[in-house]
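input.cif, holding mmCIF, C-alpha atoms; chains and numbers go by the auth columns:
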data_final
loop_
_atom_site.group_PDB
_atom_site.id
_atom_site.type_symbol
_atom_site.label_atom_id
_atom_site.label_comp_id
_atom_site.label_asym_id
_atom_site.label_seq_id
_atom_site.Cartn_x
_atom_site.Cartn_y
_atom_site.Cartn_z
_atom_site.B_iso_or_equiv
_atom_site.auth_seq_id
_atom_site.auth_asym_id
ATOM 1 C CA MET A 1 18.532 3.732 23.167 0.00 72 A
ATOM 2 C CA SER A 2 14.900 3.449 22.048 0.00 73 A
ATOM 3 C CA ASN A 3 13.200 0.059 22.015 0.00 74 A
ATOM 4 C CA ASN A 4 12.757 0.202 18.245 0.00 75 A
ATOM 5 C CA ARG A 5 16.427 1.024 17.688 0.00 76 A
ATOM 6 C CA GLN A 6 17.539 -1.678 20.106 0.00 77 A
ATOM 7 C CA GLU A 7 15.364 -4.299 18.425 0.00 78 A
ATOM 8 C CA GLN A 8 16.679 -3.211 15.029 0.00 79 A
ATOM 9 C CA ASP A 9 20.271 -3.527 16.261 0.00 80 A
ATOM 10 C CA ALA A 10 19.483 -6.974 17.670 0.00 81 A
ATOM 11 C CA MET A 11 18.051 -8.184 14.373 0.00 82 A
ATOM 12 C CA ASN A 12 21.067 -6.784 12.533 0.00 83 A
ATOM 13 C CA ALA A 13 23.381 -8.729 14.853 0.00 84 A
ATOM 14 C CA PHE A 14 21.412 -11.920 14.184 0.00 85 A
ATOM 15 C CA THR A 15 21.617 -11.283 10.428 0.00 86 A
ATOM 16 C CA ILE A 16 25.386 -10.840 10.609 0.00 87 A
ATOM 17 C CA SER A 17 25.542 -14.064 12.619 0.00 88 A
ATOM 18 C CA ASP A 18 23.578 -15.817 9.857 0.00 89 A
ATOM 19 C CA LEU A 19 26.029 -14.569 7.225 0.00 90 A
ATOM 20 C CA PHE A 20 29.016 -15.847 9.172 0.00 91 A
ATOM 21 C CA GLN A 21 27.256 -19.188 9.659 0.00 92 A
ATOM 22 C CA LEU A 22 26.536 -19.570 5.937 0.00 93 A
ATOM 23 C CA LEU A 23 30.109 -18.708 4.992 0.00 94 A
ATOM 24 C CA SER A 24 31.519 -21.009 7.661 0.00 95 A
ATOM 25 C CA ILE A 25 29.432 -23.996 6.578 0.00 96 A
ATOM 26 C CA SER A 26 30.433 -23.371 2.970 0.00 97 A
ATOM 27 C CA LEU A 27 34.138 -23.584 3.799 0.00 98 A
ATOM 28 C CA ARG A 28 33.943 -27.027 5.401 0.00 99 A
ATOM 29 C CA LEU A 29 34.234 -30.236 3.407 0.00 100 A
ATOM 30 C CA PRO A 30 30.871 -30.347 1.543 0.00 101 A
ATOM 31 C CA ASN A 31 28.231 -32.847 2.646 0.00 102 A
ATOM 32 C CA HIS A 32 24.983 -34.135 1.127 0.00 103 A
ATOM 33 C CA GLU A 33 22.848 -31.549 2.924 0.00 104 A
ATOM 34 C CA LEU A 34 24.897 -28.655 1.546 0.00 105 A
ATOM 35 C CA ALA A 35 24.816 -30.020 -2.002 0.00 106 A
ATOM 36 C CA GLN A 36 21.046 -30.454 -1.772 0.00 107 A
ATOM 37 C CA ALA A 37 20.602 -26.889 -0.507 0.00 108 A
ATOM 38 C CA PHE A 38 22.484 -25.537 -3.515 0.00 109 A
ATOM 39 C CA LEU A 39 20.556 -27.580 -6.018 0.00 110 A
ATOM 40 C CA ASP A 40 17.094 -26.862 -4.612 0.00 111 A
ATOM 41 C CA GLY A 41 17.812 -23.135 -4.388 0.00 112 A
ATOM 42 C CA SER A 42 17.386 -22.775 -0.633 0.00 113 A
ATOM 43 C CA TYR A 43 21.036 -21.757 -0.178 0.00 114 A
ATOM 44 C CA GLY A 44 20.654 -18.985 -2.715 0.00 115 A
ATOM 45 C CA ARG A 45 17.424 -17.735 -1.171 0.00 116 A
ATOM 46 C CA ASP A 46 19.027 -17.601 2.272 0.00 117 A
ATOM 47 C CA ALA A 47 22.057 -15.760 0.899 0.00 118 A
ATOM 48 C CA LEU A 48 20.015 -13.113 -0.881 0.00 119 A
ATOM 49 C CA TYR A 49 17.727 -12.594 2.112 0.00 120 A
ATOM 50 C CA ILE A 50 20.746 -11.972 4.346 0.00 121 A
ATOM 51 C CA LEU A 51 22.156 -9.398 1.925 0.00 122 A
ATOM 52 C CA GLU A 52 18.807 -7.623 1.740 0.00 123 A
ATOM 53 C CA GLU A 53 18.659 -7.461 5.535 0.00 124 A
ATOM 54 C CA LEU A 54 22.193 -6.017 5.574 0.00 125 A
ATOM 55 C CA SER A 55 20.954 -3.216 3.290 0.00 126 A
ATOM 56 C CA CYS A 56 23.235 -4.131 0.419 0.00 127 A
ATOM 57 C CA THR A 57 22.534 -2.285 -2.814 0.00 128 A
ATOM 58 C CA GLN A 58 20.389 -3.813 -5.521 0.00 129 A
ATOM 59 C CA GLU A 59 23.453 -3.954 -7.753 0.00 130 A
ATOM 60 C CA GLU A 60 25.393 -5.909 -5.115 0.00 131 A
ATOM 61 C CA ILE A 61 22.508 -8.307 -4.537 0.00 132 A
ATOM 62 C CA ALA A 62 22.080 -8.776 -8.294 0.00 133 A
ATOM 63 C CA SER A 63 25.768 -9.689 -8.628 0.00 134 A
ATOM 64 C CA VAL A 64 25.358 -12.459 -6.040 0.00 135 A
ATOM 65 C CA ARG A 65 22.116 -13.637 -7.648 0.00 136 A
ATOM 66 C CA GLU A 66 23.914 -13.844 -10.985 0.00 137 A
ATOM 67 C CA ALA A 67 26.762 -15.846 -9.460 0.00 138 A
ATOM 68 C CA LEU A 68 24.345 -18.288 -7.823 0.00 139 A
ATOM 69 C CA LYS A 69 21.757 -18.573 -10.587 0.00 140 A
ATOM 70 C CA ASN A 70 23.182 -21.715 -12.171 0.00 141 A
ATOM 71 C CA LEU A 71 23.077 -23.632 -8.900 0.00 142 A
ATOM 72 C CA ALA A 72 19.337 -24.257 -8.655 0.00 143 A
ATOM 73 C CA SER A 73 18.622 -27.432 -10.597 0.00 144 A
ATOM 74 C CA THR A 74 16.377 -30.181 -9.308 0.00 145 A
ATOM 75 C CA GLU A 75 17.369 -32.315 -12.306 0.00 146 A
ATOM 76 C CA GLU A 76 21.015 -32.704 -11.340 0.00 147 A
ATOM 77 C CA ASP A 77 21.883 -35.678 -9.190 0.00 148 A
ATOM 78 C CA VAL A 78 22.845 -34.584 -5.681 0.00 149 A
ATOM 79 C CA THR A 79 25.473 -37.292 -5.251 0.00 150 A
ATOM 80 C CA ALA A 80 27.156 -36.415 -8.546 0.00 151 A
ATOM 81 C CA PHE A 81 27.162 -32.725 -7.633 0.00 152 A
ATOM 82 C CA LEU A 82 28.563 -33.501 -4.173 0.00 153 A
ATOM 83 C CA ILE A 83 31.452 -35.386 -5.805 0.00 154 A
ATOM 84 C CA GLN A 84 32.195 -32.301 -7.915 0.00 155 A
ATOM 85 C CA MET A 85 32.076 -30.078 -4.834 0.00 156 A
ATOM 86 C CA ARG A 86 34.445 -32.309 -2.874 0.00 157 A
ATOM 87 C CA ARG A 87 36.916 -32.533 -5.745 0.00 158 A
ATOM 88 C CA GLU A 88 36.943 -28.762 -6.042 0.00 159 A
ATOM 89 C CA TYR A 89 37.251 -28.343 -2.267 0.00 160 A
ATOM 90 C CA THR A 90 40.296 -30.619 -2.267 0.00 161 A
ATOM 91 C CA ARG A 91 41.878 -28.790 -5.200 0.00 162 A
ATOM 92 C CA LEU A 92 41.272 -25.389 -3.641 0.00 163 A
ATOM 93 C CA PHE A 93 42.062 -26.005 0.024 0.00 164 A
ATOM 94 C CA ASP A 94 43.314 -29.508 0.749 0.00 165 A
ATOM 95 C CA ASP A 95 45.684 -30.553 -2.010 0.00 166 A
ATOM 96 C CA PRO A 96 48.557 -32.410 -0.297 0.00 167 A
ATOM 97 C CA LYS A 97 51.178 -30.773 -2.526 0.00 168 A
ATOM 98 C CA LYS A 98 49.966 -27.204 -3.027 0.00 169 A
ATOM 99 C CA PRO A 99 46.374 -26.043 -2.463 0.00 170 A
ATOM 100 C CA ALA A 100 45.204 -23.176 -4.662 0.00 171 A
ATOM 101 C CA VAL A 101 44.196 -21.115 -1.604 0.00 172 A
ATOM 102 C CA SER A 102 45.494 -21.488 1.942 0.00 173 A
ATOM 103 C CA ILE A 103 42.508 -21.884 4.265 0.00 174 A
ATOM 104 C CA TYR A 104 44.609 -21.327 7.400 0.00 175 A
ATOM 105 C CA GLU A 105 45.471 -17.787 8.436 0.00 176 A
ATOM 106 C CA THR A 106 49.073 -18.761 9.173 0.00 177 A
ATOM 107 C CA LEU A 107 49.700 -20.169 5.705 0.00 178 A
ATOM 108 C CA PHE A 108 47.672 -17.510 3.895 0.00 179 A
ATOM 109 C CA LEU A 109 49.819 -14.744 5.403 0.00 180 A
ATOM 110 C CA HIS A 110 53.076 -16.690 5.264 0.00 181 A
ATOM 111 C CA ASN A 111 55.803 -15.094 3.180 0.00 182 A
ATOM 112 C CA PRO A 112 57.055 -17.775 0.751 0.00 183 A
ATOM 113 C CA GLU A 113 60.501 -16.161 0.831 0.00 184 A
ATOM 114 C CA ASP A 114 60.735 -16.867 4.537 0.00 185 A
ATOM 115 C CA LYS A 115 62.766 -20.049 4.742 0.00 186 A
ATOM 116 C CA GLY A 116 61.642 -20.792 8.272 0.00 187 A
ATOM 117 C CA GLY A 117 59.225 -23.670 8.732 0.00 188 A
ATOM 118 C CA VAL A 118 55.564 -23.218 9.605 0.00 189 A
ATOM 119 C CA MET A 119 54.095 -25.024 12.602 0.00 190 A
ATOM 120 C CA LEU A 120 50.352 -24.783 12.059 0.00 191 A
ATOM 121 C CA PHE A 121 49.112 -25.791 15.500 0.00 192 A
ATOM 122 C CA MET A 122 51.740 -23.734 17.310 0.00 193 A
ATOM 123 C CA SER A 123 51.777 -20.671 15.072 0.00 194 A
ATOM 124 C CA PRO A 124 51.105 -17.277 16.680 0.00 195 A
ATOM 125 C CA ALA A 125 47.864 -16.887 14.707 0.00 196 A
ATOM 126 C CA ALA A 126 46.527 -20.312 15.692 0.00 197 A
ATOM 127 C CA LEU A 127 47.491 -19.909 19.335 0.00 198 A
ATOM 128 C CA ASP A 128 45.931 -16.450 19.567 0.00 199 A
ATOM 129 C CA ALA A 129 42.735 -17.616 17.857 0.00 200 A
ATOM 130 C CA GLU A 130 42.484 -20.444 20.386 0.00 201 A
ATOM 131 C CA ARG A 131 43.059 -17.916 23.182 0.00 202 A
ATOM 132 C CA CYS A 132 40.163 -15.797 21.909 0.00 203 A
ATOM 133 C CA TYR A 133 37.872 -18.829 21.713 0.00 204 A
ATOM 134 C CA LYS A 134 38.681 -19.929 25.251 0.00 205 A
ATOM 135 C CA SER A 135 38.331 -16.377 26.571 0.00 206 A
ATOM 136 C CA ALA A 136 34.792 -16.322 25.179 0.00 207 A
ATOM 137 C CA GLY A 137 34.047 -19.682 26.780 0.00 208 A
ATOM 138 C CA VAL A 138 33.791 -21.733 23.602 0.00 209 A
ATOM 139 C CA SER A 139 35.796 -24.493 21.979 0.00 210 A
ATOM 140 C CA LEU A 140 35.301 -24.483 18.216 0.00 211 A
ATOM 141 C CA VAL A 141 38.270 -26.587 17.182 0.00 212 A
ATOM 142 C CA LYS A 142 37.047 -30.081 16.397 0.00 213 A
ATOM 143 C CA GLN A 143 38.504 -33.135 18.067 0.00 214 A
ATOM 144 C CA SER A 144 39.677 -34.221 14.625 0.00 215 A
ATOM 145 C CA ALA A 145 42.573 -31.861 15.303 0.00 216 A
ATOM 146 C CA GLU A 146 42.658 -28.916 12.939 0.00 217 A
ATOM 147 C CA PRO A 147 44.505 -25.661 13.647 0.00 218 A
ATOM 148 C CA ALA A 148 42.440 -22.954 15.324 0.00 219 A
ATOM 149 C CA ASP A 149 43.064 -20.448 12.513 0.00 220 A
ATOM 150 C CA HIS A 150 41.043 -22.348 9.884 0.00 221 A
ATOM 151 C CA MET A 151 38.878 -19.777 8.080 0.00 222 A
ATOM 152 C CA ALA A 152 35.672 -21.716 8.737 0.00 223 A
ATOM 153 C CA THR A 153 36.458 -21.859 12.464 0.00 224 A
ATOM 154 C CA GLU A 154 37.174 -18.143 12.671 0.00 225 A
ATOM 155 C CA LEU A 155 33.900 -17.392 10.877 0.00 226 A
ATOM 156 C CA GLU A 156 32.050 -19.804 13.164 0.00 227 A
ATOM 157 C CA PHE A 157 33.411 -17.921 16.155 0.00 228 A
ATOM 158 C CA MET A 158 32.083 -14.634 14.767 0.00 229 A
ATOM 159 C CA MET A 159 28.719 -16.322 14.191 0.00 230 A
ATOM 160 C CA TYR A 160 28.669 -17.225 17.873 0.00 231 A
ATOM 161 C CA LEU A 161 29.658 -13.756 19.088 0.00 232 A
ATOM 162 C CA TYR A 162 27.095 -11.927 16.960 0.00 233 A
ATOM 163 C CA ALA A 163 24.321 -14.317 17.994 0.00 234 A
ATOM 164 C CA LYS A 164 25.209 -13.617 21.622 0.00 235 A
ATOM 165 C CA LYS A 165 25.258 -9.889 20.868 0.00 236 A
ATOM 166 C CA GLY A 166 21.746 -10.054 19.417 0.00 237 A
ATOM 167 C CA LYS A 167 20.498 -11.828 22.515 0.00 238 A
ATOM 168 C CA ALA A 168 22.213 -9.309 24.810 0.00 239 A
ATOM 169 C CA LEU A 169 20.520 -6.468 22.944 0.00 240 A
ATOM 170 C CA GLN A 170 17.130 -8.123 23.248 0.00 241 A
ATOM 171 C CA GLU A 171 17.641 -8.679 26.967 0.00 242 A
ATOM 172 C CA GLU A 172 19.015 -5.145 27.416 0.00 243 A
ATOM 173 C CA SER A 173 22.104 -6.535 29.137 0.00 244 A
ATOM 174 C CA ALA A 174 24.516 -3.613 28.906 0.00 245 A
ATOM 175 C CA GLU A 175 27.322 -5.397 30.730 0.00 246 A
ATOM 176 C CA GLU A 176 27.151 -8.490 28.516 0.00 247 A
ATOM 177 C CA LEU A 177 26.886 -6.314 25.415 0.00 248 A
ATOM 178 C CA ALA A 178 30.040 -4.391 26.345 0.00 249 A
ATOM 179 C CA VAL A 179 31.985 -7.645 26.779 0.00 250 A
ATOM 180 C CA LEU A 180 30.794 -9.018 23.441 0.00 251 A
ATOM 181 C CA GLU A 181 31.532 -5.843 21.523 0.00 252 A
ATOM 182 C CA LYS A 182 35.055 -5.871 22.941 0.00 253 A
ATOM 183 C CA GLN A 183 35.528 -9.528 21.935 0.00 254 A
ATOM 184 C CA ILE A 184 34.196 -8.851 18.425 0.00 255 A
ATOM 185 C CA LYS A 185 36.486 -5.869 17.925 0.00 256 A
ATOM 186 C CA GLU A 186 39.518 -7.695 19.299 0.00 257 A
ATOM 187 C CA PHE A 187 39.076 -10.763 17.107 0.00 258 A
ATOM 188 C CA THR A 188 38.261 -8.691 14.035 0.00 259 A
ATOM 189 C CA ASP A 189 41.336 -6.501 14.506 0.00 260 A
ATOM 190 C CA LEU A 190 43.725 -9.341 15.351 0.00 261 A
ATOM 191 C CA HIS A 191 42.499 -11.810 12.746 0.00 262 A
ATOM 192 C CA LEU A 192 39.752 -11.103 10.215 0.00 263 A
ATOM 193 C CA HIS A 193 41.006 -7.678 9.126 0.00 264 A
ATOM 194 C CA LYS A 194 44.359 -9.265 8.295 0.00 265 A
ATOM 195 C CA TRP A 195 43.096 -11.816 5.789 0.00 266 A
ATOM 196 C CA CYS A 196 39.360 -12.451 5.560 0.00 267 A
ATOM 197 C CA ARG A 197 38.435 -10.205 2.642 0.00 268 A
ATOM 198 C CA ALA A 198 41.734 -10.972 0.890 0.00 269 A
ATOM 199 C CA PHE A 199 40.926 -14.672 1.243 0.00 270 A
ATOM 200 C CA PHE A 200 37.628 -14.321 -0.629 0.00 271 A
ATOM 201 C CA ASP A 201 39.281 -12.144 -3.287 0.00 272 A
ATOM 202 C CA LYS A 202 41.936 -14.816 -3.808 0.00 273 A
ATOM 203 C CA LEU A 203 39.295 -17.542 -3.885 0.00 274 A
ATOM 204 C CA ALA A 204 37.389 -15.608 -6.546 0.00 275 A
ATOM 205 C CA CYS A 205 40.458 -15.822 -8.794 0.00 276 A
ATOM 206 C CA GLU A 206 40.949 -19.556 -8.221 0.00 277 A
ATOM 207 C CA ALA A 207 37.426 -21.032 -8.018 0.00 278 A
ATOM 208 C CA GLY A 208 36.355 -23.136 -10.967 0.00 279 A
ATOM 209 C CA LEU A 209 33.051 -24.614 -9.791 0.00 280 A
ATOM 210 C CA THR A 210 29.979 -22.366 -9.865 0.00 281 A
ATOM 211 C CA PHE A 211 29.323 -23.100 -6.206 0.00 282 A
ATOM 212 C CA TYR A 212 32.595 -21.584 -5.038 0.00 283 A
ATOM 213 C CA GLN A 213 32.305 -18.689 -7.472 0.00 284 A
ATOM 214 C CA GLY A 214 28.945 -17.843 -5.914 0.00 285 A
ATOM 215 C CA LEU A 215 30.371 -18.258 -2.418 0.00 286 A
ATOM 216 C CA CYS A 216 33.167 -15.804 -3.265 0.00 287 A
ATOM 217 C CA ARG A 217 30.745 -13.128 -4.381 0.00 288 A
ATOM 218 C CA LEU A 218 28.574 -13.661 -1.311 0.00 289 A
ATOM 219 C CA GLY A 219 31.613 -13.259 0.926 0.00 290 A
ATOM 220 C CA GLN A 220 32.880 -10.199 -0.910 0.00 291 A
ATOM 221 C CA VAL A 221 29.545 -8.368 -0.813 0.00 292 A
ATOM 222 C CA GLY A 222 28.472 -9.389 2.682 0.00 293 A
ATOM 223 C CA LEU A 223 31.803 -8.808 4.394 0.00 294 A
ATOM 224 C CA SER A 224 32.199 -5.391 2.768 0.00 295 A
ATOM 225 C CA LYS A 225 29.280 -4.300 4.986 0.00 296 A
ATOM 226 C CA ILE A 226 30.726 -5.793 8.159 0.00 297 A
ATOM 227 C CA LEU A 227 34.508 -5.520 7.901 0.00 298 A
ATOM 228 C CA ALA A 228 34.769 -2.148 6.145 0.00 299 A
#

Show the structure stored in the file as structure tokens.
Amino acid sequence: MSNNRQEQDAMNAFTISDLFQLLSISLRLPNHELAQAFLDGSYGRDALYILEELSCTQEEIASVREALKNLASTEEDVTAFLIQMRREYTRLFDDPKKPAVSIYETLFLHNPEDKGGVMLFMSPAALDAERCYKSAGVSLVKQSAEPADHMATELEFMMYLYAKKGKALQEESAEELAVLEKQIKEFTDLHLHKWCRAFFDKLACEAGLTFYQGLCRLGQVGLSKILA
């Protein structure tokens, strides 16, 4: 592999890592920093830059820009916007009775006609996700005790793997690169291919706040380049 090609592949891996990081952060309970980033436009700029680096079409990038355009507003109070974001997050993902979208792989793929109970922490999906994390030498599940198959955690894991892949390419570490590519393929096949793109499609149908509508489009466009 030529040096130019290898450096290009490394930068592409870092860009993919950045996309997974942005999506992961966006699917956690919103905080003040995230709300501020939306309102000052920095989130949107980062999102569009990532899509450009992934060689998305101008039409695809324009669709994300359109979805995010109403976010940039220095006049809106950050605290008030954060309250809106948290209310919508709770409605979408954390409603105690019935969230609009299941943010755990186990529940998202669960057949409602199956009368058997669901044990989140001990489900096959959660246990296998935890196995993959430990195999890669990382522990992404927070001490606050959330199942390992939370969408944000799975995306965070992919962020980690692709960042490591970029570094391995830069250092021309063929052995490390082979291990990482195997881990990426395994986790993608066993988990993300089963529900990741469907999750963002479902979210697009349920999201009411502009923030989550923009996030949906970002996920749909960006992941179509990675998980095709």

**Message:** From (23.5, -7.0, 0.3), in the file's coordinates, out to 12 Å: which residues are reached, counting only C-alpha atoms? Answer as a ChimeraX atom specification.
**Reply:** /A:86-87,90,117-136,288-297

**Prompt:** Which residues fall under the PyMOL selection byres ((chain A and resi 171-178) around 6) in this file, as a PyMOL selection string?
**Reply:** chain A and resi 163-164+170+179-181+196+220-222

Residue subset to file, keeping C-alpha atoms, as a short mmCIF file (atom, residue, chain, number, x, y, z; two decimals), in the frame of the given file:
data_model
loop_
_atom_site.label_atom_id
_atom_site.label_comp_id
_atom_site.auth_asym_id
_atom_site.auth_seq_id
_atom_site.Cartn_x
_atom_site.Cartn_y
_atom_site.Cartn_z
CA LEU A 163 41.27 -25.39 -3.64
CA PHE A 164 42.06 -26.00 0.02
CA PRO A 170 46.37 -26.04 -2.46
CA PHE A 179 47.67 -17.51 3.90
CA LEU A 180 49.82 -14.74 5.40
CA HIS A 181 53.08 -16.69 5.26
CA ALA A 196 47.86 -16.89 14.71
CA ASP A 220 43.06 -20.45 12.51
CA HIS A 221 41.04 -22.35 9.88
CA MET A 222 38.88 -19.78 8.08
#

**Request:** Quick one: pull the distance between atom CA of Phe85 of chain A and atom CA of Ala245 of chain A, Å, one decimal.
**Result:**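 These two atoms are separated by 17.2 Å.
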
Expansion of the PyMOL selection byres ((chain A and resi 286) around 10) into residues, as an mmCIF file with C-alpha atoms, in the frame of the given file:
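Generated file (part.cif):
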data_model
loop_
_atom_site.group_PDB
_atom_site.id
_atom_site.type_symbol
_atom_site.label_atom_id
_atom_site.label_comp_id
_atom_site.auth_asym_id
_atom_site.auth_seq_id
_atom_site.Cartn_x
_atom_site.Cartn_y
_atom_site.Cartn_z
ATOM 1 C CA LEU A 93 26.536 -19.570 5.937
ATOM 2 C CA LEU A 94 30.109 -18.708 4.992
ATOM 3 C CA SER A 97 30.433 -23.371 2.970
ATOM 4 C CA LEU A 98 34.138 -23.584 3.799
ATOM 5 C CA GLY A 115 20.654 -18.985 -2.715
ATOM 6 C CA ALA A 118 22.057 -15.760 0.899
ATOM 7 C CA VAL A 135 25.358 -12.459 -6.040
ATOM 8 C CA ALA A 138 26.762 -15.846 -9.460
ATOM 9 C CA LEU A 139 24.345 -18.288 -7.823
ATOM 10 C CA PHE A 271 37.628 -14.321 -0.629
ATOM 11 C CA LEU A 274 39.295 -17.542 -3.885
ATOM 12 C CA ALA A 275 37.389 -15.608 -6.546
ATOM 13 C CA ALA A 278 37.426 -21.032 -8.018
ATOM 14 C CA THR A 281 29.979 -22.366 -9.865
ATOM 15 C CA PHE A 282 29.323 -23.100 -6.206
ATOM 16 C CA TYR A 283 32.595 -21.584 -5.038
ATOM 17 C CA GLN A 284 32.305 -18.689 -7.472
ATOM 18 C CA GLY A 285 28.945 -17.843 -5.914
ATOM 19 C CA CYS A 287 33.167 -15.804 -3.265
ATOM 20 C CA ARG A 288 30.745 -13.128 -4.381
ATOM 21 C CA LEU A 289 28.574 -13.661 -1.311
ATOM 22 C CA GLY A 290 31.613 -13.259 0.926
ATOM 23 C CA GLN A 291 32.880 -10.199 -0.910
#

Draw an axis-aligned box over all listed atoms of segment 136-141 of chain A, pad each side with 4 Å, and write its centre and edge lengths in Å, one decimal, as AutoDock Vina command-line options.
--center_x 24.3 --center_y -17.7 --center_z -9.9 --size_x 13.0 --size_y 16.1 --size_z 12.5

**Prompt:** Using the chain letters and numbers from the file, which residues does the PyMOL selection byres ((chain A and resi 102) around 10) grab, as a PyMOL selection string?
**Reply:** chain A and resi 96-97+99-101+103-107+150+153-154+156-157

Please report as CSV every residue of segment 176-241 of chain A lying within 9 Å of segment 247-261 of chain A, along with the nearest atom pair and their distance in Å (one decimal), using only C-alpha atoms.
residue,atom,partner,partner_atom,distance
A:Ala196,CA,A:Leu261,CA,8.6
A:Asp199,CA,A:Leu261,CA,8.6
A:Ala200,CA,A:Phe258,CA,7.8
A:Cys203,CA,A:Phe258,CA,7.0
A:Ser206,CA,A:Gln254,CA,8.7
A:Ala207,CA,A:Gln254,CA,7.6
A:Glu225,CA,A:Phe258,CA,8.8
A:Met229,CA,A:Ile255,CA,7.2
A:Leu232,CA,A:Leu251,CA,6.5
A:Tyr233,CA,A:Ile255,CA,7.9
A:Lys235,CA,A:Leu251,CA,7.5
A:Lys236,CA,A:Leu248,CA,6.0
A:Gly237,CA,A:Leu248,CA,8.7
A:Lys238,CA,A:Leu248,CA,8.9
A:Ala239,CA,A:Leu248,CA,5.6
A:Leu240,CA,A:Leu248,CA,6.8

**d(atom CA of Asp148 of chain A, atom CA of Gly279 of chain A) in Å** =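 These atoms are spaced 19.2 Å apart.
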